[in-house]
file work-v3.pdb (PDB, C-alpha atoms)
ATOM      1  CA  MET R 531     -28.627  -6.570 -15.395
ATOM      2  CA  VAL R 532     -31.276  -6.853 -12.737
ATOM      3  CA  GLY R 533     -33.774  -8.325 -15.186
ATOM      4  CA  GLY R 534     -31.265 -10.820 -16.551
ATOM      5  CA  GLY R 535     -30.142 -11.794 -13.063
ATOM      6  CA  THR R 536     -33.731 -12.290 -11.981
ATOM      7  CA  LEU R 537     -34.526 -14.450 -14.997
ATOM      8  CA  LEU R 538     -31.407 -16.549 -14.463
ATOM      9  CA  LEU R 539     -32.280 -16.934 -10.782
ATOM     10  CA  ILE R 540     -35.796 -18.108 -11.604
ATOM     11  CA  GLY R 541     -34.453 -20.447 -14.304
ATOM     12  CA  GLY R 542     -31.880 -21.913 -11.910
ATOM     13  CA  ILE R 543     -34.462 -22.543  -9.222
ATOM     14  CA  TYR R 544     -36.784 -24.114 -11.783
ATOM     15  CA  LEU R 545     -34.056 -26.435 -13.094
ATOM     16  CA  ILE R 546     -33.084 -27.541  -9.594
ATOM     17  CA  ARG R 547     -36.702 -28.177  -8.604
ATOM     18  CA  SER R 548     -37.630 -29.978 -11.853
ATOM     19  CA  ALA R 549     -35.115 -32.818 -11.612
ATOM     20  CA  ASN R 550     -36.677 -36.164 -12.597
ATOM     21  CA  ASP R 551     -35.997 -39.643 -11.291
ATOM     22  CA  ASP R 552     -33.609 -40.281 -14.177
ATOM     23  CA  ALA R 553     -30.017 -39.951 -12.868
ATOM     24  CA  ILE R 554     -28.547 -38.166 -15.912
ATOM     25  CA  ASP R 555     -31.465 -35.733 -16.094
ATOM     26  CA  ALA R 556     -31.153 -35.011 -12.377
ATOM     27  CA  ILE R 557     -27.398 -34.365 -12.664
ATOM     28  CA  THR R 558     -27.684 -32.099 -15.726
ATOM     29  CA  SER R 559     -30.652 -30.190 -14.295
ATOM     30  CA  SER R 560     -28.852 -29.693 -10.995
ATOM     31  CA  TYR R 561     -25.606 -28.709 -12.736
ATOM     32  CA  PHE R 562     -27.251 -26.155 -15.025
ATOM     33  CA  GLY R 563     -29.501 -24.933 -12.220
ATOM     34  CA  VAL R 564     -26.553 -24.270  -9.922
ATOM     35  CA  SER R 565     -24.634 -22.671 -12.819
ATOM     36  CA  LEU R 566     -27.514 -20.298 -13.446
ATOM     37  CA  LEU R 567     -27.693 -19.460  -9.737
ATOM     38  CA  ILE R 568     -23.950 -18.754  -9.618
ATOM     39  CA  VAL R 569     -24.220 -16.421 -12.612
ATOM     40  CA  SER R 570     -27.407 -14.710 -11.432
ATOM     41  CA  ILE R 571     -26.235 -13.693  -7.963
ATOM     42  CA  PRO R 572     -23.391 -11.367  -9.114
ATOM     43  CA  MET R 573     -25.677  -9.913 -11.773
ATOM     44  CA  CYS R 574     -28.251  -9.052  -9.108
ATOM     45  CA  LEU R 575     -25.618  -7.780  -6.658
ATOM     46  CA  ILE R 576     -24.158  -5.456  -9.279
ATOM     47  CA  GLY R 577     -27.376  -4.630 -11.079
ATOM     48  CA  ILE R 578     -29.506  -3.537  -8.123
ATOM     49  CA  PRO R 579     -27.177  -0.685  -6.968
ATOM     50  CA  VAL R 580     -26.689   0.447 -10.577
ATOM     51  CA  PHE R 581     -30.446   0.380 -11.118
ATOM     52  CA  LEU R 582     -31.118   2.373  -7.935
ATOM     53  CA  TYR R 583     -28.413   4.917  -8.853
ATOM     54  CA  ASN R 584     -29.925   5.386 -12.309
ATOM     55  CA  ILE R 585     -33.374   5.924 -10.817
ATOM     56  CA  SER R 586     -32.041   8.588  -8.448
ATOM     57  CA  MET R 587     -30.063  10.281 -11.234
ATOM     58  CA  TYR R 588     -33.169  10.309 -13.436
ATOM     59  CA  GLY R 589     -34.927  12.442 -10.832
ATOM     60  CA  VAL R 590     -31.957  14.805 -10.554
ATOM     61  CA  ARG R 591     -31.651  15.151 -14.317
ATOM     62  CA  LEU R 592     -35.381  15.798 -14.575
ATOM     63  CA  GLU R 593     -35.103  18.605 -12.009
ATOM     64  CA  HIS R 594     -32.141  20.101 -13.903
ATOM     65  CA  GLN R 595     -34.033  19.891 -17.169
ATOM     66  CA  ASN R 596     -37.069  21.631 -15.672
ATOM     67  CA  LYS R 597     -34.882  24.384 -14.217
ATOM     68  CA  ARG R 598     -33.096  24.808 -17.564
ATOM     69  CA  ASP R 599     -36.446  25.112 -19.348
ATOM     70  CA  GLU R 600     -37.581  27.683 -16.798
ATOM     71  CA  TYR R 601     -34.407  29.721 -17.359
ATOM     72  CA  GLN R 602     -34.867  29.507 -21.120
ATOM     73  CA  ARG R 603     -38.481  30.705 -20.867
ATOM     74  CA  SER R 604     -37.459  33.639 -18.667
ATOM     75  CA  LEU R 605     -34.654  34.537 -21.110
ATOM     76  CA  ASP R 606     -37.068  34.383 -24.036
ATOM     77  CA  SER R 607     -39.582  36.624 -22.266
ATOM     78  CA  TYR R 608     -36.788  39.040 -21.324
ATOM     79  CA  ASN R 609     -35.570  39.199 -24.916
ATOM     80  CA  GLN R 610     -39.125  39.690 -26.121
ATOM     81  CA  ARG R 611     -39.681  42.606 -23.721
ATOM     82  CA  ARG R 612     -36.327  44.122 -24.580
ATOM     83  CA  GLY R 613     -36.542  43.486 -28.286
ATOM     84  CA  THR R 614     -35.030  40.829 -30.419
ATOM     85  CA  SER R 615     -31.390  40.126 -29.791
ATOM     86  CA  GLY R 616     -29.030  41.908 -32.167
ATOM     87  CA  SER R 617     -31.489  44.728 -32.851
ATOM     88  CA  ILE R 618     -30.991  48.397 -32.178
ATOM     89  CA  LYS R 619     -33.636  50.503 -30.481
ATOM     90  CA  MET R 620     -33.534  54.179 -31.328
ATOM     91  CA  SER R 621     -35.462  56.757 -29.369
ATOM     92  CA  LEU R 622     -35.680  60.438 -30.168
ATOM     93  CA  LEU R 623     -36.161  62.398 -26.944
ATOM     94  CA  PRO R 624     -36.737  66.110 -26.506
ATOM     95  CA  SER R 625     -34.321  67.861 -24.169
ATOM     96  CA  LEU R 626     -34.313  71.242 -22.446
ATOM     97  CA  ASP R 627     -31.206  73.023 -21.241
ATOM     98  CA  PHE R 628     -32.214  75.364 -18.429
ATOM     99  CA  PHE R 629     -28.699  76.618 -17.640
ATOM    100  CA  ASN R 630     -27.862  77.785 -21.161
ATOM    101  CA  GLY R 631     -31.405  78.553 -22.253
ATOM    102  CA  GLY R 632     -31.770  76.113 -25.121
ATOM    103  CA  GLY R 633     -33.349  72.896 -26.181
ATOM    104  CA  GLY R 634     -33.154  70.214 -28.786
ATOM    105  CA  LEU R 635     -33.531  66.545 -29.518
ATOM    106  CA  ASN R 636     -31.393  63.701 -28.239
ATOM    107  CA  LEU R 637     -31.049  60.409 -30.068
ATOM    108  CA  LEU R 638     -30.865  57.430 -27.717
ATOM    109  CA  MET R 639     -29.623  54.166 -29.192
ATOM    110  CA  GLN R 640     -29.909  50.900 -27.297
ATOM    111  CA  PHE R 641     -28.080  47.802 -28.455
TER     112      PHE R 641
END

call {"tool": "encode", "arguments": {"input": "work-v3.pdb", "output": "C-alpha cells"}}
result
Amino acid sequence: MVGGGTLLLIGGIYLIRSANDDAIDAITSSYFGVSLLIVSIPMCLIGIPVFLYNISMYGVRLEHQNKRDEYQRSLDSYNQRRGTSGSIKMSLLPSLDFFNGGGGLNLLMQF
C-alpha cells in the first residue's frame, strides 16, 4: 500500500505540474492529478502504520523462531544423551545385601 500510494502521489504531482497551454489538456491533467493525489493520501496514511507494524512483528517473529530453534536443539541433544525416544535402556547392576548376608543382580529398566 505504501508503494502504491507513493507511486500515485508522484504520478499526481507529475500530472499537475505537466499541464500544457492547451485548455483541455490542462483540465484533464489537473483533474487526473488531483484524483491521484486524493487516492494516494489514504493509501499512505493506512499503509505506513501497517508497514511499520509488519516490520516490528518481523523482528518479534524472528526472535521467537530463534528461541524455538534453540529449544529444539537442546531437546535433540537431551534425547541423544538419554537415548532415542521410545527406546528402553536396560542395566544389569550387582547388589549386595549386608543385613541378610546375600547378593545378586538387579535389572534396571529405563523408559

call {"tool": "residues_around", "arguments": {"input": "work-v3.pdb", "residues": "stretch 557-562 of chain R", "least_positions_apart": "2", "cutoff": "10 Å", "atoms": "all atoms listed in the file", "output": "CSV table (one decimal) with C-alpha atoms, keeping the file's coordinate frame"}}
result
chain,number,residue,atom,x,y,z
R,541,GLY,CA,-34.5,-20.4,-14.3
R,542,GLY,CA,-31.9,-21.9,-11.9
R,543,ILE,CA,-34.5,-22.5,-9.2
R,544,TYR,CA,-36.8,-24.1,-11.8
R,545,LEU,CA,-34.1,-26.4,-13.1
R,546,ILE,CA,-33.1,-27.5,-9.6
R,547,ARG,CA,-36.7,-28.2,-8.6
R,548,SER,CA,-37.6,-30.0,-11.9
R,549,ALA,CA,-35.1,-32.8,-11.6
R,550,ASN,CA,-36.7,-36.2,-12.6
R,552,ASP,CA,-33.6,-40.3,-14.2
R,553,ALA,CA,-30.0,-40.0,-12.9
R,554,ILE,CA,-28.5,-38.2,-15.9
R,555,ASP,CA,-31.5,-35.7,-16.1
R,564,VAL,CA,-26.6,-24.3,-9.9
R,565,SER,CA,-24.6,-22.7,-12.8
R,566,LEU,CA,-27.5,-20.3,-13.4
R,567,LEU,CA,-27.7,-19.5,-9.7
R,568,ILE,CA,-24.0,-18.8,-9.6

call {"tool": "atom_distance", "arguments": {"input": "work-v3.pdb", "atom1": "atom CA of R:Asn636", "atom2": "atom CA of R:Lys619"}}
result
13.6 Å

call {"tool": "atom_distance", "arguments": {"input": "work-v3.pdb", "atom1": "atom CA of R:Gly633", "atom2": "atom CA of R:Ser621"}}
result
16.6 Å

call {"tool": "resolve_selection", "arguments": {"input": "work-v3.pdb", "expression": "the PyMOL selection byres ((chain R and resi 533) around 12)", "output": "ChimeraX atom specification"}}
result
/R:531-532,534-540,570-571,573-578,581

call {"tool": "atom_distance", "arguments": {"input": "work-v3.pdb", "atom1": "atom CA of R:Met620", "atom2": "atom CA of R:Ser607"}}
result
20.7 Å
